[in-house]
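So this one's final08.tsv, TSV, C-alpha atoms:
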chain	number	residue	atom	x	y	z
A	24	MET	CA	-195.94	105.98	243.40
A	25	ASN	CA	-192.69	107.70	244.30
A	26	LYS	CA	-191.09	104.83	246.21
A	27	LEU	CA	-190.43	101.24	245.24
A	28	THR	CA	-192.06	98.71	247.57
A	29	SER	CA	-190.00	96.24	249.60
A	30	ILE	CA	-191.01	93.35	247.36
A	31	GLY	CA	-190.11	95.46	244.31
A	32	SER	CA	-186.64	96.06	245.75
A	33	PHE	CA	-186.36	92.35	246.55
A	34	THR	CA	-187.25	91.57	242.93
A	35	LEU	CA	-184.40	93.70	241.59
A	36	LEU	CA	-181.98	92.04	244.01
A	37	CYS	CA	-183.17	88.57	242.91
A	38	ILE	CA	-182.56	89.52	239.28
A	39	SER	CA	-179.07	90.73	240.15
A	40	SER	CA	-178.19	87.29	241.53
A	41	LEU	CA	-178.44	85.86	238.00
A	42	THR	CA	-175.22	87.56	236.90
A	43	ILE	CA	-172.84	85.30	238.83
A	44	MET	CA	-175.01	82.24	238.21
A	45	VAL	CA	-174.48	82.31	234.44
A	46	GLY	CA	-171.07	80.63	234.55
A	47	THR	CA	-170.59	79.22	238.02
A	48	LEU	CA	-173.83	77.19	237.96
A	49	LEU	CA	-172.09	74.50	235.90
A	50	ALA	CA	-168.88	74.41	237.97
A	51	PRO	CA	-169.83	71.73	240.55
A	52	GLY	CA	-170.94	69.24	237.86
A	53	LEU	CA	-168.61	70.39	235.10
A	54	VAL	CA	-167.25	66.91	234.27
A	55	SER	CA	-170.63	65.18	233.98
A	56	ILE	CA	-172.27	68.15	232.22
A	57	SER	CA	-169.48	68.43	229.64
A	58	ASN	CA	-169.76	64.69	228.94
A	59	GLY	CA	-173.53	64.97	228.60
A	60	LEU	CA	-173.16	67.82	226.11
A	61	GLY	CA	-170.51	65.99	224.10
A	62	ILE	CA	-167.70	68.39	225.04
A	63	LEU	CA	-164.56	66.27	225.09
A	64	GLU	CA	-162.01	69.11	225.24
A	65	HIS	CA	-161.85	72.64	226.68
A	66	SER	CA	-164.78	72.05	229.03
A	67	VAL	CA	-163.67	75.08	231.08
A	68	PHE	CA	-165.10	77.26	228.31
A	69	LEU	CA	-168.56	76.25	229.51
A	70	ILE	CA	-167.82	78.49	232.50
A	71	THR	CA	-165.71	81.25	230.93
A	72	LEU	CA	-167.37	81.81	227.52
A	73	PRO	CA	-170.37	83.69	229.00
A	74	SER	CA	-167.86	86.22	230.32
A	75	LEU	CA	-166.49	86.78	226.81
A	76	GLY	CA	-170.02	87.12	225.44
A	77	ALA	CA	-170.81	89.77	228.07
A	78	VAL	CA	-167.67	91.70	227.13
A	79	VAL	CA	-168.44	91.64	223.39
A	80	PHE	CA	-172.14	92.52	223.65
A	81	ALA	CA	-172.00	94.98	226.57
A	82	PRO	CA	-171.61	98.14	224.41
A	83	LEU	CA	-174.60	97.13	222.27
A	84	ALA	CA	-176.60	96.36	225.41
A	85	GLY	CA	-175.88	99.84	226.76
A	86	LYS	CA	-177.02	101.57	223.57
A	87	LEU	CA	-180.25	99.56	223.49
A	88	ILE	CA	-180.96	100.38	227.15
A	89	ASP	CA	-180.46	104.12	226.58
A	90	LYS	CA	-182.62	104.01	223.43
A	91	TYR	CA	-185.52	101.76	224.45
A	92	GLY	CA	-185.41	101.89	228.26
A	93	ALA	CA	-184.06	99.59	230.96
A	94	TYR	CA	-187.45	98.09	231.86
A	95	LYS	CA	-188.21	96.84	228.34
A	96	LEU	CA	-184.70	95.49	227.87
A	97	LEU	CA	-184.81	93.72	231.22
A	98	ILE	CA	-188.05	91.95	230.22
A	99	ILE	CA	-186.44	90.75	226.99
A	100	GLY	CA	-183.20	89.85	228.76
A	101	LEU	CA	-184.88	87.74	231.44
A	102	PHE	CA	-186.96	85.84	228.88
A	103	LEU	CA	-183.93	85.07	226.71
A	104	TYR	CA	-181.81	84.21	229.76
A	105	GLY	CA	-184.19	81.40	230.72
A	106	LEU	CA	-184.63	80.26	227.12
A	107	PHE	CA	-180.93	80.12	226.17
A	108	GLY	CA	-179.83	78.76	229.55
A	109	ALA	CA	-182.25	75.84	229.72
A	110	SER	CA	-182.12	75.01	225.97
A	111	LEU	CA	-178.45	74.08	226.37
A	112	TYR	CA	-179.71	70.62	227.37
A	113	PHE	CA	-180.90	69.95	223.81
A	114	LEU	CA	-177.56	70.84	222.20
A	115	ASN	CA	-174.61	68.53	221.59
A	116	GLY	CA	-171.07	69.13	220.39
A	117	ALA	CA	-168.60	71.98	220.77
A	118	ALA	CA	-169.87	74.45	218.13
A	119	PRO	CA	-173.57	74.76	219.12
A	120	VAL	CA	-172.84	74.52	222.85
A	121	PHE	CA	-170.11	77.18	222.84
A	122	ILE	CA	-172.20	79.51	220.66
A	123	ASN	CA	-175.05	79.15	223.14
A	124	ARG	CA	-172.79	79.99	226.08
A	125	PHE	CA	-171.32	83.00	224.26
A	126	LEU	CA	-174.78	84.41	223.43
A	127	LEU	CA	-176.00	83.75	226.99
A	128	GLY	CA	-173.17	85.99	228.20
A	129	GLY	CA	-174.43	88.80	225.96
A	130	ILE	CA	-177.92	88.37	227.39
A	131	THR	CA	-176.47	88.50	230.91
A	132	ALA	CA	-174.88	91.87	230.09
A	133	ILE	CA	-178.36	93.20	229.28
A	134	VAL	CA	-179.80	91.82	232.52
A	135	MET	CA	-176.95	93.14	234.69
A	136	ALA	CA	-176.89	96.66	233.22
A	137	SER	CA	-180.69	97.01	233.02
A	138	SER	CA	-181.27	95.98	236.64
A	139	THR	CA	-178.65	98.46	237.87
A	140	VAL	CA	-180.17	101.26	235.75
A	141	LEU	CA	-183.56	100.57	237.35
A	142	ILE	CA	-181.98	100.72	240.80
A	143	SER	CA	-180.40	104.07	239.90
A	144	MET	CA	-183.81	105.38	238.82
A	145	TRP	CA	-185.64	104.38	241.99
A	146	TYR	CA	-182.93	105.33	244.51
A	147	HIS	CA	-180.79	108.43	244.98
A	148	GLY	CA	-177.82	109.49	247.09
A	149	GLU	CA	-177.05	107.43	250.19
A	150	ALA	CA	-180.13	105.25	249.64
A	151	ARG	CA	-178.72	104.27	246.24
A	152	LEU	CA	-175.33	103.38	247.72
A	153	ASN	CA	-177.05	101.17	250.30
A	154	MET	CA	-179.17	99.50	247.61
A	155	ILE	CA	-176.18	98.84	245.36
A	156	ALA	CA	-174.35	97.41	248.37
A	157	LYS	CA	-177.32	95.06	248.81
A	158	GLN	CA	-177.06	94.27	245.10
A	159	GLY	CA	-173.45	93.17	245.62
A	160	MET	CA	-174.64	91.02	248.52
A	161	ALA	CA	-177.33	89.47	246.31
A	162	VAL	CA	-174.80	88.64	243.60
A	163	GLU	CA	-172.52	86.80	246.03
A	164	LEU	CA	-175.38	85.15	247.93
A	165	GLY	CA	-176.70	83.94	244.58
A	166	GLY	CA	-173.31	82.34	244.03
A	167	VAL	CA	-173.61	80.43	247.30
A	168	ILE	CA	-177.18	79.25	246.62
A	169	PHE	CA	-176.77	78.33	242.96
A	170	LEU	CA	-173.41	76.59	243.51
A	171	PHE	CA	-175.04	74.44	246.19
A	172	LEU	CA	-178.14	73.65	244.12
A	173	GLY	CA	-176.08	73.07	240.98
A	174	GLY	CA	-173.91	70.50	242.73
A	175	LEU	CA	-176.91	68.80	244.34
A	176	LEU	CA	-178.83	68.49	241.06
A	177	ALA	CA	-175.76	67.41	239.08
A	178	SER	CA	-175.31	64.50	241.48
A	179	LEU	CA	-178.80	63.29	240.48
A	180	PHE	CA	-178.58	63.85	236.71
A	181	TRP	CA	-176.20	65.96	234.62
A	182	GLY	CA	-178.97	67.95	232.90
A	183	LEU	CA	-180.89	69.00	236.01
A	184	PRO	CA	-178.71	72.04	236.88
A	185	LEU	CA	-179.73	73.61	233.55
A	186	THR	CA	-183.32	73.85	234.76
A	187	LEU	CA	-182.19	76.47	237.28
A	188	TYR	CA	-181.81	78.96	234.42
A	189	LEU	CA	-185.61	78.95	234.17
A	190	ILE	CA	-185.78	80.82	237.47
A	191	ALA	CA	-185.23	83.91	235.31
A	192	TRP	CA	-188.84	83.48	234.09
A	193	PHE	CA	-190.07	83.46	237.68
A	194	PHE	CA	-188.10	86.67	238.30
A	195	LEU	CA	-189.62	88.09	235.10
A	196	ALA	CA	-193.11	87.50	236.51
A	197	MET	CA	-192.04	89.22	239.74
A	198	LEU	CA	-190.71	92.18	237.72
A	199	LEU	CA	-194.02	92.61	235.88
A	200	LEU	CA	-196.04	92.28	239.08
A	201	PHE	CA	-194.03	94.26	241.61
A	202	VAL	CA	-191.84	96.80	239.76
A	203	PRO	CA	-193.76	99.58	237.97
A	204	ALA	CA	-192.81	100.22	234.36
A	205	LYS	CA	-192.64	103.95	235.03
A	206	HIS	CA	-190.22	105.18	237.66
A	207	PRO	CA	-190.52	108.52	239.51
A	208	VAL	CA	-188.87	111.44	237.73
A	209	ASP	CA	-187.00	113.53	240.27
A	210	ILE	CA	-185.61	116.47	238.32
A	211	ASN	CA	-183.87	118.03	241.31
A	212	ALA	CA	-182.20	114.77	242.30
A	213	ASN	CA	-180.97	114.19	238.77
A	214	ALA	CA	-179.68	117.73	238.53
A	215	ASP	CA	-177.85	117.43	241.83
A	216	GLU	CA	-176.23	114.15	240.75
A	217	ILE	CA	-175.07	115.53	237.43
A	218	THR	CA	-173.74	118.70	239.01
A	219	GLY	CA	-172.03	116.80	241.81
A	220	SER	CA	-170.36	114.33	239.50
A	221	HIS	CA	-168.79	117.06	237.41
A	222	SER	CA	-168.22	120.05	239.65
A	223	ASN	CA	-166.46	117.84	242.17
A	224	GLY	CA	-164.34	116.24	239.49
A	225	SER	CA	-161.08	117.05	241.31
A	226	THR	CA	-162.05	114.75	244.20
A	227	LYS	CA	-163.48	111.88	242.16
A	228	MET	CA	-162.01	109.18	239.96
A	229	SER	CA	-162.75	109.33	236.25
A	230	LEU	CA	-164.98	106.73	234.64
A	231	LYS	CA	-162.01	105.24	232.79
A	232	SER	CA	-160.20	104.81	236.10
A	233	VAL	CA	-163.27	103.15	237.60
A	234	TYR	CA	-163.44	100.71	234.68
A	235	LEU	CA	-159.72	99.91	234.97
A	236	VAL	CA	-159.90	99.31	238.71
A	237	SER	CA	-163.03	97.17	238.19
A	238	THR	CA	-161.19	94.95	235.71
A	239	LEU	CA	-158.20	94.60	238.02
A	240	ALA	CA	-160.37	93.88	241.07
A	241	MET	CA	-162.39	91.17	239.35
A	242	THR	CA	-159.30	89.59	237.78
A	243	ILE	CA	-157.56	89.36	241.15
A	244	PHE	CA	-160.69	88.06	242.87
A	245	PHE	CA	-161.61	85.50	240.21
A	246	ILE	CA	-158.09	84.07	240.13
A	247	SER	CA	-158.90	82.58	243.53
A	248	THR	CA	-162.08	80.97	242.16
A	249	VAL	CA	-160.11	79.33	239.35
A	250	SER	CA	-156.94	78.42	241.25
A	251	LEU	CA	-158.02	77.41	244.76
A	252	PRO	CA	-159.79	74.20	243.65
A	253	ILE	CA	-156.54	73.09	241.99
A	254	THR	CA	-154.12	74.12	244.74
A	255	MET	CA	-156.36	72.78	247.51
A	256	SER	CA	-156.79	69.48	245.68
A	257	ALA	CA	-153.00	69.19	245.54
A	258	GLN	CA	-152.99	69.70	249.33
A	259	GLN	CA	-155.36	66.70	249.71
A	260	PHE	CA	-158.56	68.66	250.31
A	261	ASN	CA	-161.63	66.95	248.88
A	262	GLU	CA	-164.37	68.47	246.68
A	263	ALA	CA	-166.74	69.08	249.60
A	264	GLU	CA	-164.09	70.99	251.56
A	265	ILE	CA	-163.16	73.05	248.50
A	266	GLY	CA	-166.82	73.88	247.89
A	267	ARG	CA	-167.32	74.97	251.49
A	268	LEU	CA	-164.32	77.31	251.34
A	269	LEU	CA	-165.53	78.95	248.10
A	270	ALA	CA	-169.01	79.34	249.58
A	271	PHE	CA	-167.44	80.85	252.72
A	272	ILE	CA	-165.65	83.45	250.58
A	273	SER	CA	-169.00	84.46	249.08
A	274	LEU	CA	-170.60	84.70	252.52
A	275	VAL	CA	-167.78	86.96	253.76
A	276	ALA	CA	-168.26	89.13	250.66
A	277	VAL	CA	-171.99	89.39	251.44
A	278	ALA	CA	-171.30	90.52	255.01
A	279	THR	CA	-168.60	92.98	253.93
A	280	ALA	CA	-170.79	94.58	251.26
A	281	ALA	CA	-173.33	95.34	254.00
A	282	PHE	CA	-170.74	97.47	255.83
A	283	MET	CA	-169.28	99.05	252.69
A	284	PRO	CA	-171.42	102.24	252.73
A	285	LYS	CA	-170.37	103.04	256.32
A	286	VAL	CA	-166.70	102.35	255.61
A	287	THR	CA	-166.82	104.50	252.47
A	288	LYS	CA	-168.38	107.36	254.41
A	289	LEU	CA	-165.59	107.10	256.99
A	290	LEU	CA	-162.59	106.63	254.66
A	291	THR	CA	-163.71	108.03	251.24
A	292	GLU	CA	-164.15	105.92	248.12
A	293	GLN	CA	-160.53	105.66	246.97
A	294	LYS	CA	-159.16	104.84	250.42
A	295	THR	CA	-161.80	102.10	250.74
A	296	LEU	CA	-160.66	100.69	247.39
A	297	ALA	CA	-157.03	100.85	248.54
A	298	LEU	CA	-157.97	98.96	251.70
A	299	ALA	CA	-159.68	96.34	249.55
A	300	PHE	CA	-156.57	95.74	247.44
A	301	ILE	CA	-154.47	95.46	250.59
A	302	ALA	CA	-156.90	92.73	251.71
A	303	TYR	CA	-156.63	91.06	248.29
A	304	GLY	CA	-152.83	91.03	248.48
A	305	ALA	CA	-152.79	89.71	252.04
A	306	SER	CA	-155.18	86.92	251.03
A	307	TYR	CA	-152.78	85.59	248.39
A	308	LEU	CA	-149.96	85.75	250.92
A	309	CYS	CA	-152.09	83.41	253.06
A	310	PHE	CA	-152.87	81.14	250.10
A	311	LEU	CA	-149.13	80.60	249.58
A	312	GLN	CA	-149.00	78.87	252.98
A	313	ALA	CA	-149.87	75.15	253.17
A	314	SER	CA	-152.10	75.51	256.22
A	315	THR	CA	-155.84	75.21	256.83
A	316	ALA	CA	-155.80	78.19	259.20
A	317	PHE	CA	-154.11	80.39	256.59
A	318	LEU	CA	-156.59	79.22	253.94
A	319	VAL	CA	-159.53	80.27	256.09
A	320	PHE	CA	-157.92	83.60	256.97
A	321	GLY	CA	-157.15	84.15	253.29
A	322	ALA	CA	-160.78	83.40	252.43
A	323	VAL	CA	-161.91	86.07	254.90
A	324	LEU	CA	-159.51	88.62	253.41
A	325	ILE	CA	-160.42	87.98	249.77
A	326	GLY	CA	-164.12	88.13	250.66
A	327	ILE	CA	-163.49	91.52	252.27
A	328	GLY	CA	-161.69	92.63	249.12
A	329	PHE	CA	-164.69	91.79	246.93
A	330	GLY	CA	-167.21	93.40	249.27
A	331	PHE	CA	-165.24	96.67	249.25
A	332	THR	CA	-164.62	96.79	245.48
A	333	ILE	CA	-167.27	95.61	243.01
A	334	PRO	CA	-170.38	97.04	244.75
A	335	LEU	CA	-168.59	100.35	245.40
A	336	LEU	CA	-167.25	100.60	241.83
A	337	ASN	CA	-170.75	99.88	240.55
A	338	HIS	CA	-172.08	102.78	242.63
A	339	MET	CA	-169.27	105.07	241.46
A	340	THR	CA	-170.17	104.32	237.83
A	341	VAL	CA	-173.76	105.37	238.48
A	342	GLU	CA	-172.75	108.54	240.32
A	343	LEU	CA	-170.38	109.60	237.52
A	344	SER	CA	-172.96	108.99	234.76
A	345	GLU	CA	-175.54	111.42	233.45
A	346	VAL	CA	-179.01	109.91	233.15
A	347	LYS	CA	-179.06	109.88	229.35
A	348	VAL	CA	-175.89	107.75	229.10
A	349	ARG	CA	-176.22	105.73	232.29
A	350	GLY	CA	-177.17	102.53	230.48
A	351	ARG	CA	-174.15	102.79	228.21
A	352	ASN	CA	-171.75	103.50	231.07
A	353	LEU	CA	-173.11	100.65	233.18
A	354	SER	CA	-172.70	98.33	230.22
A	355	TYR	CA	-169.02	99.35	230.08
A	356	PHE	CA	-168.80	98.54	233.80
A	357	THR	CA	-170.30	95.13	233.02
A	358	MET	CA	-167.73	94.77	230.27
A	359	ALA	CA	-164.92	95.58	232.70
A	360	VAL	CA	-166.14	93.09	235.32
A	361	PHE	CA	-166.58	90.21	232.89
A	362	SER	CA	-163.25	91.01	231.23
A	363	GLY	CA	-161.63	90.38	234.59
A	364	GLN	CA	-163.34	87.00	234.79
A	365	PHE	CA	-162.34	86.00	231.26
A	366	PHE	CA	-158.69	87.01	231.72
A	367	THR	CA	-158.34	84.33	234.39
A	368	SER	CA	-158.77	81.69	231.67
A	369	PHE	CA	-155.13	82.22	230.74
A	370	ILE	CA	-153.39	82.04	234.13
A	371	GLU	CA	-152.49	78.38	233.54
A	372	TYR	CA	-150.03	79.57	230.87
A	373	ILE	CA	-148.03	81.71	233.33
A	374	PRO	CA	-144.58	80.13	233.95
A	375	GLY	CA	-143.94	78.91	237.47
A	376	GLY	CA	-147.44	77.74	238.23
A	377	PHE	CA	-149.79	79.13	240.85
A	378	THR	CA	-146.95	80.15	243.17
A	379	HIS	CA	-145.86	82.78	240.66
A	380	VAL	CA	-149.49	83.71	239.97
A	381	PHE	CA	-150.13	84.36	243.68
A	382	MET	CA	-146.89	86.33	244.04
A	383	GLY	CA	-147.84	88.40	241.00
A	384	CYS	CA	-151.22	89.14	242.61
A	385	ILE	CA	-149.51	90.29	245.82
A	386	VAL	CA	-147.18	92.67	243.99
A	387	SER	CA	-150.00	93.99	241.80
A	388	CYS	CA	-152.24	94.63	244.80
A	389	VAL	CA	-149.53	96.59	246.62
A	390	LEU	CA	-148.89	98.77	243.55
A	391	ILE	CA	-152.61	99.38	242.96
A	392	ALA	CA	-153.21	100.27	246.62
A	393	ILE	CA	-150.30	102.73	246.64
A	394	THR	CA	-151.52	104.32	243.39
A	395	LEU	CA	-155.03	104.75	244.78
A	396	LEU	CA	-153.74	106.33	248.01
A	397	VAL	CA	-151.36	108.70	246.19
A	398	THR	CA	-153.95	109.86	243.64
A	399	SER	CA	-156.53	110.27	246.42
A	400	GLY	CA	-154.15	112.56	248.28
A	401	LYS	CA	-153.45	114.61	245.16
A	402	ARG	CA	-157.17	115.06	244.44
A	403	THR	CA	-157.78	116.19	248.02
A	404	LEU	CA	-155.00	118.79	247.77
A	405	ASN	CA	-156.31	120.03	244.42
A	406	SER	CA	-159.82	120.37	245.88
A	407	MET	CA	-158.48	122.37	248.86
A	408	ALA	CA	-156.51	124.64	246.53
A	409	ILE	CA	-159.55	125.33	244.34
A	410	SER	CA	-161.80	126.06	247.33
Starting from the file, give its structure as structure tokens.
Amino acid sequence: MNKLTSIGSFTLLCISSLTIMVGTLLAPGLVSISNGLGILEHSVFLITLPSLGAVVFAPLAGKLIDKYGAYKLLIIGLFLYGLFGASLYFLNGAAPVFINRFLLGGITAIVMASSTVLISMWYHGEARLNMIAKQGMAVELGGVIFLFLGGLLASLFWGLPLTLYLIAWFFLAMLLLFVPAKHPVDINANADEITGSHSNGSTKMSLKSVYLVSTLAMTIFFISTVSLPITMSAQQFNEAEIGRLLAFISLVAVATAAFMPKVTKLLTEQKTLALAFIAYGASYLCFLQASTAFLVFGAVLIGIGFGFTIPLLNHMTVELSEVKVRGRNLSYFTMAVFSGQFFTSFIEYIPGGFTHVFMGCIVSCVLIAITLLVTSGKRTLNSMAIS
């Protein structure tokens, strides 16, 4: 078999949805879940600690993937994901609960990197970009679905949302049934990718630049996830309205990721990233206004920003990586993304409150967009001079 079946592709997309679920699943019922687990202080770490675990264990995950293969590691990762996620119900007190969440983050790094490596093995060129765009859509759509189910189950009993982690075992069964253990080896395709990623170096960003932009993009995006519930609550919005807005952001991101390949083909990668940061900055300008219309418009803009950044940066990491180190490089990408999430844990310590945080995001986005546009122009000139 030289082509992955539709249900095989669907399986990999389902697995990808687990990455955003790891922390956000507990968000709707955070108060009742933290009480049930005996967490009296720092309950926010139930959401953010998996991000730290992913950052710490990502390099090890990458080495294991390159050594033993993405398929084997994904099997192990999915089994442990369900086990560690659901077993949280039987723990009580800060130490065992926080250790569990930290280790679950490390397992998530294995799942995220392994699934992307498998996608890179089964798809090449434009087909790969389209598949990774769908992967970004799956991640955000998973956020919508699991946030809704988590809130619904938490309203019935605090421990019920934890059972959703067991869906990883269902996805594991799908992996074994519908995704072959051996992928097609396309020597010519691999050679073309490796040659393209290095001979065209003057027109492409470096991997370090991709990791840096990934961290910045996720930090700026996730600040909205952390801050909007607080700022909207202060504006007299209730929990249901806040939840709908956050879900709307994810839906916009899903739709935008679908168009990302076409936009990238039209504008080039760096200009698409610059456009995304302009959208990010404009969204925080909207969030500074105490108006429902501006909130909705800001939600559209920040959803566009996500759809044009994380899926594209994921694809760029694959394209810039030789096959033998692809697992390691994708684990570093995972590390960059989850670092951005974890950094948002500290925004409450910034003087001036969320007004200063939002203004800082606006200024940062403008500077990043300008830098991307300037460096893109320089690389284009260098490429023309060499040719």
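Ranking A:Ser143, A:Ser387, A:Ser399, A:Thr394 by their shortest atom-to-atom distance to Ala305 of chain A, with only C-alpha atoms included, puts A:Ser387 first.
Among the candidates A:Met339, A:Val360, A:Leu103, A:Ile133, the one nearest to Leu87 of chain A when counting all atoms listed in the file is A:Ile133.
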Worksheet entry | Neighbour list for Cys384 of chain A as number ranges by chain, cut-off 7 Å, only C-alpha atoms, skip fewer than 4 positions in-chain | A: 243, 304, 307, 380, 388
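Atom CA of Ala278 of chain A sits 18.8 Å away from atom CA of Ala297 of chain A.
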Discussion item. Could you list, as number ranges by chain, every residue within 10 Å of Arg151 of chain A, counting all atoms listed in the file and ignoring same-chain residues fewer than 6 positions away?
Written reply: A: 142-145, 157, 284, 338, 341-342
Store the residues picked out above, limited to C-alpha atoms, as a PDB file, in the frame of the given file.
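Final output, result-v3.pdb:
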ATOM      1  CA  ILE A 142    -181.980 100.720 240.800  1.00  0.00           C
ATOM      2  CA  SER A 143    -180.400 104.070 239.900  1.00  0.00           C
ATOM      3  CA  MET A 144    -183.810 105.380 238.820  1.00  0.00           C
ATOM      4  CA  TRP A 145    -185.640 104.380 241.990  1.00  0.00           C
ATOM      5  CA  LYS A 157    -177.320  95.060 248.810  1.00  0.00           C
ATOM      6  CA  PRO A 284    -171.420 102.240 252.730  1.00  0.00           C
ATOM      7  CA  HIS A 338    -172.080 102.780 242.630  1.00  0.00           C
ATOM      8  CA  VAL A 341    -173.760 105.370 238.480  1.00  0.00           C
ATOM      9  CA  GLU A 342    -172.750 108.540 240.320  1.00  0.00           C
TER      10      GLU A 342
END
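In terms of minimum interatomic distance to Ser32 of chain A, A:Phe201 ranks closest within A:Phe320, A:Phe169, A:Phe329, A:Phe201, counting only C-alpha atoms.
Compared by their closest atoms to Ser344 of chain A, and using only C-alpha atoms, the residues A:Leu324, A:Ala161, A:Val233, A:Leu96 rank with A:Val233 nearest.
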Coordinate excerpt as a PDB file, in the first residue's frame: segment 269-322 of chain A, C-alpha atoms:
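Output (part_20.pdb):
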ATOM      1  CA  LEU A 269     -13.756  30.730  23.317  1.00  0.00           C
ATOM      2  CA  ALA A 270     -15.410  27.991  21.272  1.00  0.00           C
ATOM      3  CA  PHE A 271     -16.046  30.522  18.480  1.00  0.00           C
ATOM      4  CA  ILE A 272     -12.327  31.387  18.421  1.00  0.00           C
ATOM      5  CA  SER A 273     -11.522  27.708  17.909  1.00  0.00           C
ATOM      6  CA  LEU A 274     -14.081  27.409  15.117  1.00  0.00           C
ATOM      7  CA  VAL A 275     -12.591  30.424  13.318  1.00  0.00           C
ATOM      8  CA  ALA A 276      -9.144  28.841  13.673  1.00  0.00           C
ATOM      9  CA  VAL A 277     -10.483  25.622  12.134  1.00  0.00           C
ATOM     10  CA  ALA A 278     -11.902  27.487   9.133  1.00  0.00           C
ATOM     11  CA  THR A 279      -8.750  29.579   8.684  1.00  0.00           C
ATOM     12  CA  ALA A 280      -6.443  26.565   8.782  1.00  0.00           C
ATOM     13  CA  ALA A 281      -8.427  25.128   5.866  1.00  0.00           C
ATOM     14  CA  PHE A 282      -7.489  28.142   3.719  1.00  0.00           C
ATOM     15  CA  MET A 283      -3.898  28.376   4.978  1.00  0.00           C
ATOM     16  CA  PRO A 284      -2.287  26.310   2.162  1.00  0.00           C
ATOM     17  CA  LYS A 285      -3.854  28.535  -0.530  1.00  0.00           C
ATOM     18  CA  VAL A 286      -2.875  31.739   1.267  1.00  0.00           C
ATOM     19  CA  THR A 287       0.684  30.474   1.748  1.00  0.00           C
ATOM     20  CA  LYS A 288       0.952  29.629  -1.943  1.00  0.00           C
ATOM     21  CA  LEU A 289      -0.210  33.146  -2.801  1.00  0.00           C
ATOM     22  CA  LEU A 290       1.825  35.154  -0.257  1.00  0.00           C
ATOM     23  CA  THR A 291       4.787  32.874   0.719  1.00  0.00           C
ATOM     24  CA  GLU A 292       5.295  31.423   4.186  1.00  0.00           C
ATOM     25  CA  GLN A 293       6.852  34.417   5.951  1.00  0.00           C
ATOM     26  CA  LYS A 294       4.339  36.920   4.592  1.00  0.00           C
ATOM     27  CA  THR A 295       1.522  34.628   5.754  1.00  0.00           C
ATOM     28  CA  LEU A 296       3.090  34.550   9.227  1.00  0.00           C
ATOM     29  CA  ALA A 297       3.407  38.350   9.182  1.00  0.00           C
ATOM     30  CA  LEU A 298      -0.276  38.625   8.258  1.00  0.00           C
ATOM     31  CA  ALA A 299      -1.109  36.324  11.164  1.00  0.00           C
ATOM     32  CA  PHE A 300       0.722  38.511  13.687  1.00  0.00           C
ATOM     33  CA  ILE A 301      -1.020  41.592  12.299  1.00  0.00           C
ATOM     34  CA  ALA A 302      -4.314  39.768  12.978  1.00  0.00           C
ATOM     35  CA  TYR A 303      -3.117  38.857  16.488  1.00  0.00           C
ATOM     36  CA  GLY A 304      -2.242  42.483  17.247  1.00  0.00           C
ATOM     37  CA  ALA A 305      -5.532  43.803  15.881  1.00  0.00           C
ATOM     38  CA  SER A 306      -7.427  41.271  18.001  1.00  0.00           C
ATOM     39  CA  TYR A 307      -5.942  42.623  21.235  1.00  0.00           C
ATOM     40  CA  LEU A 308      -6.767  46.147  20.105  1.00  0.00           C
ATOM     41  CA  CYS A 309     -10.391  44.952  19.909  1.00  0.00           C
ATOM     42  CA  PHE A 310     -10.187  43.241  23.304  1.00  0.00           C
ATOM     43  CA  LEU A 311      -9.220  46.575  24.886  1.00  0.00           C
ATOM     44  CA  GLN A 312     -12.661  47.922  23.936  1.00  0.00           C
ATOM     45  CA  ALA A 313     -15.599  47.257  26.292  1.00  0.00           C
ATOM     46  CA  SER A 314     -17.989  46.236  23.528  1.00  0.00           C
ATOM     47  CA  THR A 315     -19.601  42.950  22.491  1.00  0.00           C
ATOM     48  CA  ALA A 316     -19.112  43.754  18.799  1.00  0.00           C
ATOM     49  CA  PHE A 317     -15.385  44.371  19.313  1.00  0.00           C
ATOM     50  CA  LEU A 318     -15.088  41.144  21.329  1.00  0.00           C
ATOM     51  CA  VAL A 319     -16.587  39.119  18.495  1.00  0.00           C
ATOM     52  CA  PHE A 320     -14.436  40.860  15.887  1.00  0.00           C
ATOM     53  CA  GLY A 321     -11.381  40.280  18.071  1.00  0.00           C
ATOM     54  CA  ALA A 322     -12.303  36.596  18.353  1.00  0.00           C
TER      55      ALA A 322
END
